[in-house]
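> Questions regarding the structure given below will be posed in turn.
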Amino acid sequence: MHYAKRLIFTVFLITSIVLSANATSLVETKNIAPNPLKVGEKLTYSITWKKVPAGKRTDWIVKQEMVNGENVYHIQSQMQTRALFRVYSFQNQSETYFNPATLAPVRFQNRLKDRGYRATVKTDFRNGEAEYEKVSRPKPKSPQKREAKTLEIPPGTQDELSFIYFLRSKHLALGKIYFFPLVAKGKVHKATLTVERRESIKNKVLGNVRTLVLRTSEGDRFWITDDERRLPIKIQVNKLGGLIATLTEIELVN
């Protein structure tokens, strides 16, 4: 039962499908001005499965720095199941170095603990290529496996964390279908989503707020605020019987 892993890949909108004829490239869609991303923004989510508390996720725009000659936002994300949630044990820590001017990542790192499984992924993005490396160990006493490859990538290709901030920085029109390139699992995918509807929902920290509901090709959904903040406040996994991540805390950490 890979509940937490399924949530992560739902959030990442990973899919390999034949795109609809009316789909629009999100890379070429107009950017929001001013950009809603702020250094110091820290978002915390509670994760429930069938209404049972199951885990926690925190996304944090830590600081601005230089990487490979580019001025980037250093963004961290941590997710883990609760100690008392015995159905499944999972920990994930990922980092992206995201250029807020080009809306593209420069570097991505991910460390995963999935029960006995361990894996570390590193990807460097430059000049139409992504240098991908994965080091994994299926079981604690298993031999280590290493996979390295160079991927050809189109402009605007996202990683498994940067894409959230990329979406937040783009204008989204009601009823539109969008696609964008995404590197995940050592491959370049075509990720797609539909701006399904507007909906007002109640949130613990924001009160009643108007949102845009985005639906993936697999029927999973997430809600982002339909305002200048573009905050992701809810994620719902369609095929796992009630797995939901809900925004519970917003901080601006200096």
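Ordering of the structure tokens sets the chain letters (A, B, ...), residue numbers begin anew at 1 in every chain, and ligands are numbered from 1 in the order given.
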Can you check which residues of stretch 96-224 of chain A DSSP gives as strand (DSSP E or B) on the backbone and send them as a ChimeraX atom specification?
/A:96-99,104-114,117-126,129-137,145-152,158,170,177-184,187-203,207-216,221-224
> Residues at most 6 Å from stretch 70-79 of chain A, counting only C-alpha atoms, excluding those fewer than 2 positions away in the same chain, as a PDB file with N, CA and C atoms, in the first residue's frame?

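So the final result, stored in around.pdb, reads:
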```pdb
ATOM      1  N   LYS A  56       2.142  14.424   7.680  1.00  0.00           N
ATOM      2  CA  LYS A  56       2.357  15.867   7.627  1.00  0.00           C
ATOM      3  C   LYS A  56       3.306  16.197   6.478  1.00  0.00           C
ATOM      4  N   ARG A  57       3.079  17.340   5.844  1.00  0.00           N
ATOM      5  CA  ARG A  57       3.958  17.829   4.785  1.00  0.00           C
ATOM      6  C   ARG A  57       4.214  19.316   5.000  1.00  0.00           C
ATOM      7  N   THR A  58       5.477  19.746   4.772  1.00  0.00           N
ATOM      8  CA  THR A  58       5.842  21.151   4.896  1.00  0.00           C
ATOM      9  C   THR A  58       6.627  21.576   3.666  1.00  0.00           C
ATOM     10  N   ASP A  59       6.203  22.668   3.014  1.00  0.00           N
ATOM     11  CA  ASP A  59       6.894  23.243   1.860  1.00  0.00           C
ATOM     12  C   ASP A  59       7.379  24.642   2.239  1.00  0.00           C
ATOM     13  N   TRP A  60       8.657  24.935   1.962  1.00  0.00           N
ATOM     14  CA  TRP A  60       9.268  26.157   2.473  1.00  0.00           C
ATOM     15  C   TRP A  60      10.202  26.776   1.429  1.00  0.00           C
ATOM     16  N   ILE A  61       9.940  28.046   1.053  1.00  0.00           N
ATOM     17  CA  ILE A  61      10.865  28.813   0.216  1.00  0.00           C
ATOM     18  C   ILE A  61      11.917  29.387   1.157  1.00  0.00           C
ATOM     19  N   VAL A  62      13.038  28.707   1.279  1.00  0.00           N
ATOM     20  CA  VAL A  62      13.994  28.969   2.353  1.00  0.00           C
ATOM     21  C   VAL A  62      14.738  30.289   2.163  1.00  0.00           C
ATOM     22  N   LYS A  63      15.325  30.474   0.975  1.00  0.00           N
ATOM     23  CA  LYS A  63      16.141  31.664   0.754  1.00  0.00           C
ATOM     24  C   LYS A  63      16.417  31.845  -0.735  1.00  0.00           C
ATOM     25  N   GLN A  64      17.028  32.981  -1.065  1.00  0.00           N
ATOM     26  CA  GLN A  64      17.467  33.258  -2.420  1.00  0.00           C
ATOM     27  C   GLN A  64      18.981  33.121  -2.469  1.00  0.00           C
ATOM     28  N   GLU A  65      19.510  32.443  -3.493  1.00  0.00           N
ATOM     29  CA  GLU A  65      20.951  32.230  -3.597  1.00  0.00           C
ATOM     30  C   GLU A  65      21.357  32.019  -5.049  1.00  0.00           C
ATOM     31  N   MET A  66      22.669  31.872  -5.276  1.00  0.00           N
ATOM     32  CA  MET A  66      23.193  31.644  -6.618  1.00  0.00           C
ATOM     33  C   MET A  66      23.564  30.174  -6.784  1.00  0.00           C
ATOM     34  N   VAL A  67      23.100  29.548  -7.864  1.00  0.00           N
ATOM     35  CA  VAL A  67      23.445  28.169  -8.206  1.00  0.00           C
ATOM     36  C   VAL A  67      23.716  28.106  -9.705  1.00  0.00           C
ATOM     37  N   ASN A  68      24.876  27.591 -10.077  1.00  0.00           N
ATOM     38  CA  ASN A  68      25.272  27.503 -11.495  1.00  0.00           C
ATOM     39  C   ASN A  68      25.134  28.839 -12.218  1.00  0.00           C
ATOM     40  N   GLN A  91       8.967   8.497   4.612  1.00  0.00           N
ATOM     41  CA  GLN A  91       9.585   9.810   4.792  1.00  0.00           C
ATOM     42  C   GLN A  91      10.158  10.267   3.460  1.00  0.00           C
ATOM     43  N   ASN A  92      10.003  11.558   3.175  1.00  0.00           N
ATOM     44  CA  ASN A  92      10.512  12.103   1.927  1.00  0.00           C
ATOM     45  C   ASN A  92      10.998  13.526   2.167  1.00  0.00           C
ATOM     46  N   GLN A  93      12.195  13.826   1.678  1.00  0.00           N
ATOM     47  CA  GLN A  93      12.715  15.185   1.748  1.00  0.00           C
ATOM     48  C   GLN A  93      13.247  15.574   0.376  1.00  0.00           C
ATOM     49  N   SER A  94      12.700  16.639  -0.195  1.00  0.00           N
ATOM     50  CA  SER A  94      13.131  17.069  -1.513  1.00  0.00           C
ATOM     51  C   SER A  94      13.485  18.550  -1.504  1.00  0.00           C
ATOM     52  N   GLU A  95      14.338  18.930  -2.456  1.00  0.00           N
ATOM     53  CA  GLU A  95      14.777  20.312  -2.603  1.00  0.00           C
ATOM     54  C   GLU A  95      14.820  20.663  -4.077  1.00  0.00           C
ATOM     55  N   THR A  96      14.381  21.867  -4.412  1.00  0.00           N
ATOM     56  CA  THR A  96      14.551  22.369  -5.766  1.00  0.00           C
ATOM     57  C   THR A  96      15.167  23.754  -5.702  1.00  0.00           C
ATOM     58  N   TYR A  97      15.990  24.050  -6.696  1.00  0.00           N
ATOM     59  CA  TYR A  97      16.581  25.382  -6.837  1.00  0.00           C
ATOM     60  C   TYR A  97      15.935  25.984  -8.076  1.00  0.00           C
ATOM     61  N   PHE A  98      14.979  26.896  -7.845  1.00  0.00           N
ATOM     62  CA  PHE A  98      14.011  27.332  -8.853  1.00  0.00           C
ATOM     63  C   PHE A  98      14.279  28.785  -9.237  1.00  0.00           C
ATOM     64  N   ASN A  99      14.474  29.020 -10.533  1.00  0.00           N
ATOM     65  CA  ASN A  99      14.712  30.376 -11.023  1.00  0.00           C
ATOM     66  C   ASN A  99      13.380  31.112 -11.159  1.00  0.00           C
TER      67      ASN A  99
END
```
> Would you please extract all helix (DSSP H, G or I) residues from stretch 35-216 of chain A, as assigned by DSSP on the backbone, and give them as an mmCIF file with C-alpha atoms, in the first residue's frame?

```cif
data_model
loop_
_atom_site.group_PDB
_atom_site.id
_atom_site.type_symbol
_atom_site.label_atom_id
_atom_site.label_comp_id
_atom_site.auth_asym_id
_atom_site.auth_seq_id
_atom_site.Cartn_x
_atom_site.Cartn_y
_atom_site.Cartn_z
ATOM 1 C CA SER A 162 9.310 22.984 -8.776
ATOM 2 C CA PHE A 163 6.172 22.322 -10.802
ATOM 3 C CA ILE A 164 3.982 23.455 -7.869
ATOM 4 C CA TYR A 165 5.626 26.882 -7.885
ATOM 5 C CA PHE A 166 5.552 26.966 -11.681
ATOM 6 C CA LEU A 167 1.767 26.438 -11.673
ATOM 7 C CA ARG A 168 1.286 29.110 -9.035
#
```
> Excluding same-chain residues fewer than 6 positions from A:Ile235, what lies within 10 Å of it counting only C-alpha atoms, as a list in words?
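Near A:Ile235, the qualifying residues are Leu7, Thr10, Val11, Tyr45, Ile47, Val213, Leu214, Asp220, Arg221, Phe222, Trp223, Ile224, Leu243, Ile244, Ala245, Thr246 and Leu247 of chain A.
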> For stretch 156-225 of chain A against stretch 127-151 of chain A, with a cut-off of 12 Å and counting only C-alpha atoms, what is the closest atom pair and its distance in Å to one decimal for every residue that makes the cut, ordered by chain and number, as a Markdown table?

```
| residue | atom | partner | partner_atom | distance |
| --- | --- | --- | --- | --- |
| A:Gly156 | CA | A:Gly128 | CA | 9.5 |
| A:Thr157 | CA | A:Gly128 | CA | 9.1 |
| A:Gln158 | CA | A:Ala130 | CA | 10.3 |
| A:Asp159 | CA | A:Ala130 | CA | 10.0 |
| A:Leu182 | CA | A:Ala130 | CA | 10.8 |
| A:Val183 | CA | A:Ala130 | CA | 8.3 |
| A:Ala184 | CA | A:Tyr132 | CA | 9.7 |
| A:Lys185 | CA | A:Lys134 | CA | 9.1 |
| A:Gly186 | CA | A:Tyr132 | CA | 6.6 |
| A:Lys187 | CA | A:Leu151 | CA | 7.4 |
| A:Val188 | CA | A:Leu151 | CA | 7.5 |
| A:His189 | CA | A:Leu151 | CA | 11.3 |
```
> In terms of the shortest atom-to-atom distance over only C-alpha atoms, which of A:Ser25, A:Ile32, A:Lys38, A:Phe179 is closest to A:Val253?
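Closest to A:Val253 of all the choices is A:Lys38.
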> Compile the contact shell of A:Glu28 as a PyMOL selection string: residues with an atom at most 10 Å away, counting only C-alpha atoms, same-chain residues fewer than 3 positions apart removed.
chain A and resi 24-25+31+155-156+170+180
> What does the structure give for the distance between atom CA of A:Ser217 and atom CA of A:Ala191, in Å to one decimal?
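Interatomic distance here is 8.8 Å.
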> For the atom pair atom CA of A:Leu161 and atom CA of A:Gly69, what is the interatomic distance in Å to one decimal place?
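Spanning atom CA of A:Leu161 to atom CA of A:Gly69 is a straight-line distance of 20.9 Å.
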> Could you check the closest approach to A:Thr216 for each of A:Ala173, A:Val237, A:Ile201, A:Ala119 and tell me which residue wins, using only C-alpha atoms?
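Distance minimum relative to A:Thr216 lands on A:Val237.
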> Grab the atom CA of A:Thr102 to atom CA of A:Arg230 distance for me, in Å with one decimal place.
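Atom CA of A:Arg230 lies at a distance of 18.2 Å from atom CA of A:Thr102.
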> In terms of the shortest atom-to-atom distance over only C-alpha atoms, which of A:Leu103, A:Leu193, A:Leu174, A:Ile233 is closest to A:Glu218?
A:Leu193
> Please provide the set of residues having any atom within 7 Å of A:Phe90, restricted to only C-alpha atoms, with same-chain residues fewer than 3 positions apart removed, written as an mmCIF file with C-alpha atoms, in the first residue's frame.

```cif
data_model
loop_
_atom_site.group_PDB
_atom_site.id
_atom_site.type_symbol
_atom_site.label_atom_id
_atom_site.label_comp_id
_atom_site.auth_asym_id
_atom_site.auth_seq_id
_atom_site.Cartn_x
_atom_site.Cartn_y
_atom_site.Cartn_z
ATOM 1 C CA ALA A 4 2.131 8.424 0.750
ATOM 2 C CA GLN A 80 6.343 11.843 6.605
ATOM 3 C CA THR A 81 3.697 9.586 8.067
ATOM 4 C CA LYS A 113 12.544 6.250 2.861
ATOM 5 C CA ASP A 114 9.668 3.922 2.022
ATOM 6 C CA ARG A 115 9.623 1.288 4.780
#
```
